[in-house]
Structure formats: structure tokens, C-alpha cells
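First comes the structure, then the notes that go with it.
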Amino acid sequence: MKNIALHHVHENLGAKIVPFAGYNMPVSYEGVTAEHLTVRESVGVFDVSHMGEFLVSGENALALIQKVTSNDASKLAIGDAQYSCFPNEENGIVDDLICYRIKEHQYLLVVNASNIEKDWNWISKYNSAFKADLKDLSDDYSLLAIQGPKAVEAMQSLSSLDLADIPFYKFKVGDFAGIEHVIISATGYTGSGGFEIYCKNSEVEQIWNKVFEAGADFGIKPIGLAARDTLRLEMGYCLYGNDIDDTTSPIEAGLGWITKFTKDFVNADALAKQKAEKPERRLVAFELNERGIPRQGYDIVDGNGNVIGNVTSGTMSPNLGKGIGMGYVPTSFAKLGTQIYIQVRKKAIPATIVKLPFYKG
């Protein structure tokens, strides 16, 4: 297991540290619900330095990215970010990612920690035809997510940039907490506003300390990965390894909006055919109608007790006070308002298919 740069800081804060995606990561500090509500109501900081970063440069950088990703990166201006995925050749997903356009011929791809090696090998395979310059920066960079409705106000004193002037899925490169050339990106995964800070490992402790000094009057707290999971689930954001993986297509997963058939990319023809013919199953969101907590792996059943799918993500929503989740079901069960049942131990608890996000803010 690798340690992130601030491992000693999290230990000193009393974090519960667990192995996650090859790293020792802080999963909680004072408890999931309290941390979750801190982010929804004020401001919290996640250390997500386990994420992977690939720098793609050169005249063929865009051509390579267009080939291996599903979204249309040609639409990106410098300072734009884009959610996308790497389709595989069997109607599945290698990984989901965020693509940042740094310069005219330079892009940063941010990938999931558990998939760094797999993604690198995948991109490298296709790059043999494009010869773009690839660099894996994952071991050299740290990433802090400062999230919550008070994040901008709490952090403004740390930068000469106008933090309120960074729209969702845009970024700026500038000074932050006494460090120059930091990426400040409005690409958080919580649905409560804020931004993410990309910096070198040697800089992250100074930034962490100044962030907590600046946020002291705003009730800032460190937040672990467990609350990050409940926050993203309330928004209906997919988590790789749960809701999407090598066996789920972006069309099935409701990610048609990041799958652009105006360009040629890996497995585009097969995915276009699936879209036209309608997939046999879809990822749906549901709320329990009675008390209970849906968990990953629980069976989804119909009114006759037949298994029709399984829960990919589930929790007790801290903001809604009810069980929520996502899972794949046959398309005939995917219509909004349809009743399904979640098998929680020996009881089939009724649930209703609902529209995302669960949490409306």
C-alpha cells in the first residue's frame, strides 16, 4: 500500500485509515453523517491525492484523446474541463475521467486511483499510432477537494484570483496559499460547490495548513472518503467499480450525454448501434418506500420475488433521511415511478424509480 503525501497529517488528526485502491486513505474522522452535513452546510476538505494524473502533450494530443475517450474534447477551450470515459472494445468502460485543456496542445487526464496502471496501458496502446507525449504524474501530485457552499468565501483570502469567477467545469492556473501555478478547478464531486486544488507533493502540506487557517471561522473540517461516497450518491454520480465497470456500457449507465458520435472513438459503432436499438438494461435510481438501507450487491426483485438486478450503490441518505441507491434493471422496469423491491436480508422492501439527483440542494 502506498501512502499519500499527507498520510502523517491524517494520522495526527485521528482519521480512520483503510486500504483503498492501493493507497492508505482516510475514510472518516468524526463520522460519516457529521462529515457529510459539514460539506452540505459549510465547508470540508478531502484529500484525494490517490487519483491519477496523465499529461498528454504535442500536436497529436487531441487526436489521441478523441480516439480513446467518448466525449468530444475538440469542444474544450483552454481553461475548460470535461467529464468523459474510456470505452473498451466490448461495450464496457475502462474508466471514467476528467479531461482538462491546459494549453493549446496540452491536456491533463485525471483518472481513478484503482485504474492508473490499466488506464496508462490502455492509452499507451492507442498512442502507438499518434505518438503524443505521455507523462504519468500520479506519484508527484496531490489533490485536495475543498467542498461546500462556504468554500469560495472561506478560501478567497488565499488567492489573487476571483474564486467566485470559476464556473462549474472550468479551471484557472494561479496562486493559492502562497504557491504559484496551482490548478484551481470547479470540478467537485459532491454537488455542494467548491473546487479542487492540484499541486506538487512538496507543496500540499503548506496548502493544507493555510486552508485550515483560512477556513477556521467557517467551521472547516477534514472529510473522509466515506462521506465523499454518500455525497456523490445523493447527486447520482457514478462511481467506477460500483455503477460502471468493464462490463457496463455508457449507454446503459445513462452516460449517453458524454458519448458523442460526431467523431470516431474506440467501439463507437457498437455503442451507436446499442443506442439506436435501446439497451436491454439501464442504470436506475431508486428510493426506499419503507425503512431500510440498500447496500451494494443486494438483489433487486420484482413483485413476484424474481431477481431482476442488483444494487450497485446504496446508503441511508443523510439529507433525505431515507434509503437511496442505484442499480441495473431491465429497461422495462426503468420508467420513472415504477415500483421495484430491494431484498434486504429476508425482507423485500418496496422502492420507487426516481429521477436524479436525489438531493436537490
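All residue names refer to the C-alpha cells as shown: chains lettered A, B, ... in order, residues numbered from 1 in each chain, ligands numbered from 1 in order.
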Contacts of segment 227-241 of chain A within 7 Å, only C-alpha atoms, excl. fewer than 2 positions in-chain, as a PyMOL selection string: chain A and resi 32+35-36+95-96+189-191+223-225+243-245+315+317+356-359
Counting only C-alpha atoms, what are the residues of segment 221-256 of chain A within 7 Å of segment 272-284 of chain A, and for each of them which pair of atoms is the nearest and at what distance in Å, to one decimal? Sort the table by chain and rising number, as JSON lines.
```
{"residue": "A:Ile251", "atom": "CA", "partner": "A:Lys275", "partner_atom": "CA", "distance": 6.3}
{"residue": "A:Glu252", "atom": "CA", "partner": "A:Arg282", "partner_atom": "CA", "distance": 4.6}
{"residue": "A:Ala253", "atom": "CA", "partner": "A:Leu283", "partner_atom": "CA", "distance": 4.9}
{"residue": "A:Gly254", "atom": "CA", "partner": "A:Leu283", "partner_atom": "CA", "distance": 6.5}
```
Residues of segment 89-242 of chain A in alpha helix (DSSP H), written as a ChimeraX atom specification: /A:116-127,151-155,201-214,225-235
Under the rule of at most 10 Å, produce a per-residue listing of segment 49-88 of chain A near segment 158-168 of chain A: chain, number, name, the closest pair of atoms, and the distance in Å, as a tab-separated table, using only C-alpha atoms.
```
residue	atom	partner	partner_atom	distance
A:Gly79	CA	A:Ile166	CA	9.5
A:Asp80	CA	A:Phe168	CA	9.3
A:Ala81	CA	A:Phe168	CA	8.8
```
Neighbour list for segment 305-310 of chain A as a list of chain:residue names, cut-off 8 Å, only C-alpha atoms, skip fewer than 4 positions in-chain: A:Gln296, A:Gly297, A:Tyr298, A:Asp299, A:Ile300, A:Val301, A:Gly327, A:Tyr328, A:Val329, A:Pro330, A:Ala348
Would you save the residues from that selection as a CSV table (one decimal), in the first residue's frame, using all heavy atoms?
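This went into selection-v1.csv:
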```csv
chain,number,residue,atom,x,y,z
A,296,GLN,N,-24.6,-2.2,-1.6
A,296,GLN,CA,-24.1,-2.7,-2.9
A,296,GLN,C,-24.2,-4.3,-2.8
A,296,GLN,O,-23.8,-4.9,-1.8
A,296,GLN,CB,-22.6,-2.3,-3.1
A,296,GLN,CG,-22.0,-2.8,-4.4
A,296,GLN,CD,-20.5,-2.5,-4.5
A,296,GLN,OE1,-19.9,-2.3,-3.5
A,296,GLN,NE2,-20.0,-2.6,-5.7
A,297,GLY,N,-24.7,-4.8,-3.9
A,297,GLY,CA,-24.7,-6.3,-4.0
A,297,GLY,C,-26.1,-6.9,-3.7
A,297,GLY,O,-26.4,-8.0,-4.0
A,298,TYR,N,-27.0,-6.1,-3.0
A,298,TYR,CA,-28.3,-6.6,-2.7
A,298,TYR,C,-29.1,-6.8,-4.0
A,298,TYR,O,-29.0,-6.1,-4.9
A,298,TYR,CB,-29.0,-5.6,-1.8
A,298,TYR,CG,-28.6,-5.5,-0.3
A,298,TYR,CD1,-27.5,-6.2,0.1
A,298,TYR,CD2,-29.4,-4.8,0.6
A,298,TYR,CE1,-27.1,-6.2,1.5
A,298,TYR,CE2,-29.0,-4.7,1.9
A,298,TYR,CZ,-27.9,-5.4,2.4
A,298,TYR,OH,-27.5,-5.4,3.7
A,299,ASP,N,-29.9,-7.9,-3.9
A,299,ASP,CA,-30.8,-8.2,-5.1
A,299,ASP,C,-31.9,-7.1,-5.3
A,299,ASP,O,-32.5,-6.7,-4.3
A,299,ASP,CB,-31.4,-9.5,-5.0
A,299,ASP,CG,-30.4,-10.7,-5.2
A,299,ASP,OD1,-29.4,-10.4,-5.9
A,299,ASP,OD2,-30.6,-11.8,-4.7
A,300,ILE,N,-32.2,-6.8,-6.5
A,300,ILE,CA,-33.4,-6.1,-6.9
A,300,ILE,C,-34.4,-7.1,-7.4
A,300,ILE,O,-34.0,-7.9,-8.3
A,300,ILE,CB,-33.1,-5.0,-7.9
A,300,ILE,CG1,-32.1,-4.0,-7.4
A,300,ILE,CG2,-34.4,-4.3,-8.3
A,300,ILE,CD1,-31.6,-3.0,-8.4
A,301,VAL,N,-35.6,-7.1,-6.9
A,301,VAL,CA,-36.6,-8.1,-7.3
A,301,VAL,C,-37.9,-7.5,-7.8
A,301,VAL,O,-38.1,-6.3,-7.5
A,301,VAL,CB,-36.9,-9.2,-6.2
A,301,VAL,CG1,-35.6,-9.9,-5.8
A,301,VAL,CG2,-37.5,-8.5,-5.0
A,327,GLY,N,-28.9,0.9,-9.4
A,327,GLY,CA,-28.7,-0.4,-9.8
A,327,GLY,C,-29.2,-0.6,-11.3
A,327,GLY,O,-29.9,0.2,-11.8
A,328,TYR,N,-28.8,-1.7,-11.9
A,328,TYR,CA,-29.2,-2.1,-13.2
A,328,TYR,C,-30.4,-2.9,-13.2
A,328,TYR,O,-30.5,-3.9,-12.4
A,328,TYR,CB,-28.1,-2.8,-14.0
A,328,TYR,CG,-27.0,-1.8,-14.4
A,328,TYR,CD1,-25.9,-1.6,-13.5
A,328,TYR,CD2,-27.0,-1.1,-15.6
A,328,TYR,CE1,-24.8,-0.8,-13.9
A,328,TYR,CE2,-26.0,-0.2,-15.9
A,328,TYR,CZ,-24.9,-0.1,-15.1
A,328,TYR,OH,-23.9,0.8,-15.4
A,329,VAL,N,-31.4,-2.6,-14.0
A,329,VAL,CA,-32.6,-3.4,-14.1
A,329,VAL,C,-33.0,-3.5,-15.6
A,329,VAL,O,-32.5,-2.7,-16.4
A,329,VAL,CB,-33.8,-2.7,-13.4
A,329,VAL,CG1,-33.6,-2.7,-11.9
A,329,VAL,CG2,-34.2,-1.4,-13.9
A,330,PRO,N,-33.8,-4.5,-16.0
A,330,PRO,CA,-34.3,-4.5,-17.4
A,330,PRO,C,-34.9,-3.2,-17.8
A,330,PRO,O,-35.6,-2.5,-16.9
A,330,PRO,CB,-35.3,-5.7,-17.4
A,330,PRO,CG,-34.8,-6.5,-16.3
A,330,PRO,CD,-34.3,-5.6,-15.2
A,348,ALA,N,-38.3,-8.1,1.4
A,348,ALA,CA,-38.3,-7.4,0.1
A,348,ALA,C,-38.9,-6.0,0.4
A,348,ALA,O,-40.1,-5.9,0.6
A,348,ALA,CB,-39.0,-8.1,-0.9
```
Polymer residues at most 9 Å from Val56 of chain A, only C-alpha atoms, same-chain spacing of 6 or more positions, as JSON, numbers by chain: {"A": [62, 64, 65, 105, 106, 107, 108, 109, 132, 133, 134, 135]}
